[in-house]
Amino acid sequence: MPDFEIRRATAADLPAIVAMLADDPLGAARESPEDLTPYRDAFARIDGDPHQHLVVAEQRGRVVGTLQLTVIPGLSRRGTTRTIIEAVRVHADARGSGLGSALITWAVERSRTLGAGLVQLTTDATRTDAHRFYERLGFTPSHVGFKLPLT
């Protein structure tokens, strides 16, 4: 993936980010790129929180990837700070280019810089290609996750 930059996301990046979130069977069912209002509200909360790092990968002026890194101070593991990687997306025409690996490498290195001792992520149980991708990058499937929708 030549000539790309990973940088902090801005409000102007929202249309591209939301389009990537919606560009797969799971995202198509839960995202609404035609109405950016809830995303703008969420962006304002994320952007104002120093523990949130929403980034985009930009290539030749075009957003081609994104992820959110959350820093969580904790008591367990002798007070270890952990980070959680969420909402990793790579534009359809940039998949297979190495950009996903570069984004995750950035997140892991940023986690170290922020003093984290553990990086976690979750991925939908149906995303078997993503499971293989994360395992290739050194992540282990060590936990079972649960969700409880509140809305």
# chains A, B, ... in the order shown; residues from 1 in each chain; ligands from 1
>>> select_by_dssp(residues="chain A", states="helix (DSSP H, G or I)", output="ChimeraX atom specification")
/A:11-22,25-30,37-47,76-79,92-94,99-113,128-136
>>> residues_around(residues="Ala16 of chain A", least_positions_apart="4", cutoff="12 Å", atoms="only C-alpha atoms", output="short mmCIF file (atom, residue, chain, number, x, y, z; two decimals) with N, CA and C atoms, in the first residue's frame")
data_model
loop_
_atom_site.label_atom_id
_atom_site.label_comp_id
_atom_site.auth_asym_id
_atom_site.auth_seq_id
_atom_site.Cartn_x
_atom_site.Cartn_y
_atom_site.Cartn_z
N ALA A 9 -8.98 11.33 12.65
CA ALA A 9 -10.15 11.61 11.82
C ALA A 9 -10.71 12.99 12.15
N THR A 10 -11.30 13.61 11.16
CA THR A 10 -11.99 14.88 11.35
C THR A 10 -13.46 14.68 10.97
N ALA A 11 -14.28 15.64 11.32
CA ALA A 11 -15.71 15.57 10.98
C ALA A 11 -15.91 15.46 9.47
N ALA A 12 -15.02 16.04 8.70
CA ALA A 12 -15.13 15.97 7.24
C ALA A 12 -14.94 14.55 6.72
N MET A 20 -17.67 3.13 4.64
CA MET A 20 -16.92 1.88 4.85
C MET A 20 -17.59 0.99 5.89
N LEU A 21 -18.15 1.60 6.94
CA LEU A 21 -18.86 0.81 7.95
C LEU A 21 -20.05 0.08 7.34
N ALA A 22 -20.68 0.69 6.36
CA ALA A 22 -21.88 0.12 5.75
C ALA A 22 -21.58 -0.86 4.61
N ASP A 23 -20.32 -0.93 4.19
CA ASP A 23 -19.96 -1.68 2.99
C ASP A 23 -19.64 -3.15 3.25
N PRO A 33 -25.82 5.39 6.09
CA PRO A 33 -24.98 6.46 5.57
C PRO A 33 -25.77 7.63 4.99
N GLU A 34 -27.04 7.44 4.72
CA GLU A 34 -27.84 8.53 4.16
C GLU A 34 -28.20 9.59 5.22
N LEU A 36 -26.33 11.25 8.41
CA LEU A 36 -25.10 11.34 9.20
C LEU A 36 -25.30 11.95 10.58
N TYR A 39 -24.06 9.96 13.54
CA TYR A 39 -22.61 9.81 13.45
C TYR A 39 -21.90 11.11 13.84
N VAL A 56 -8.03 7.68 10.48
CA VAL A 56 -8.26 7.24 9.11
C VAL A 56 -6.92 7.04 8.44
N ALA A 57 -6.93 6.18 7.44
CA ALA A 57 -5.79 6.05 6.54
C ALA A 57 -6.18 6.79 5.26
N GLU A 58 -5.32 7.68 4.85
CA GLU A 58 -5.60 8.51 3.68
C GLU A 58 -4.54 8.24 2.63
N GLY A 61 -5.25 11.86 -0.85
CA GLY A 61 -6.40 12.69 -0.52
C GLY A 61 -7.71 11.95 -0.32
N ARG A 62 -7.67 10.63 -0.33
CA ARG A 62 -8.89 9.82 -0.22
C ARG A 62 -8.80 8.93 1.02
N VAL A 63 -9.86 8.87 1.81
CA VAL A 63 -9.90 8.01 2.99
C VAL A 63 -10.13 6.57 2.53
N VAL A 64 -9.17 5.69 2.89
CA VAL A 64 -9.25 4.30 2.45
C VAL A 64 -9.27 3.30 3.62
N GLY A 65 -9.25 3.79 4.85
CA GLY A 65 -9.30 2.90 6.01
C GLY A 65 -9.58 3.68 7.27
N THR A 66 -10.01 2.95 8.31
CA THR A 66 -10.31 3.59 9.58
C THR A 66 -10.26 2.57 10.71
N ARG A 89 -11.96 -0.90 9.36
CA ARG A 89 -12.50 -1.04 8.00
C ARG A 89 -11.46 -0.58 7.00
N VAL A 90 -11.41 -1.27 5.88
CA VAL A 90 -10.57 -0.90 4.75
C VAL A 90 -11.48 -0.81 3.54
N HIS A 91 -11.33 0.25 2.76
CA HIS A 91 -12.15 0.44 1.57
C HIS A 91 -12.03 -0.79 0.67
N ALA A 92 -13.11 -1.16 0.01
CA ALA A 92 -13.15 -2.38 -0.80
C ALA A 92 -12.02 -2.45 -1.81
#
>>> closest_residue(among="A:Thr123, A:Val71, A:Gly98, A:Arg110", to="Asp49 of chain A", atoms="only C-alpha atoms")
A:Val71
>>> atom_distance(atom1="atom CA of Gly96 of chain A", atom2="atom CA of Phe133 of chain A")
10.6 Å
>>> closest_atom_pairs(of="segment 101-126 of chain A", to="segment 78-86 of chain A", cutoff="7 Å", atoms="only C-alpha atoms", output="tab-separated table")
residue	atom	partner	partner_atom	distance
A:Ser111	CA	A:Thr83	CA	6.3
A:Gly115	CA	A:Thr81	CA	6.8
A:Ala116	CA	A:Thr81	CA	4.6
A:Gly117	CA	A:Thr80	CA	5.8
A:Leu118	CA	A:Arg82	CA	4.7
A:Val119	CA	A:Thr83	CA	4.9
A:Gln120	CA	A:Ile84	CA	4.8
A:Leu121	CA	A:Ile85	CA	5.0
>>> closest_residue(among="A:Thr37, A:Asp24, A:Thr70, A:Glu31", to="Pro50 of chain A", atoms="only C-alpha atoms")
A:Thr70
>>> closest_residue(among="A:Leu75, A:Ala125, A:Leu67, A:Ala102", to="Pro141 of chain A", atoms="only C-alpha atoms")
A:Ala125
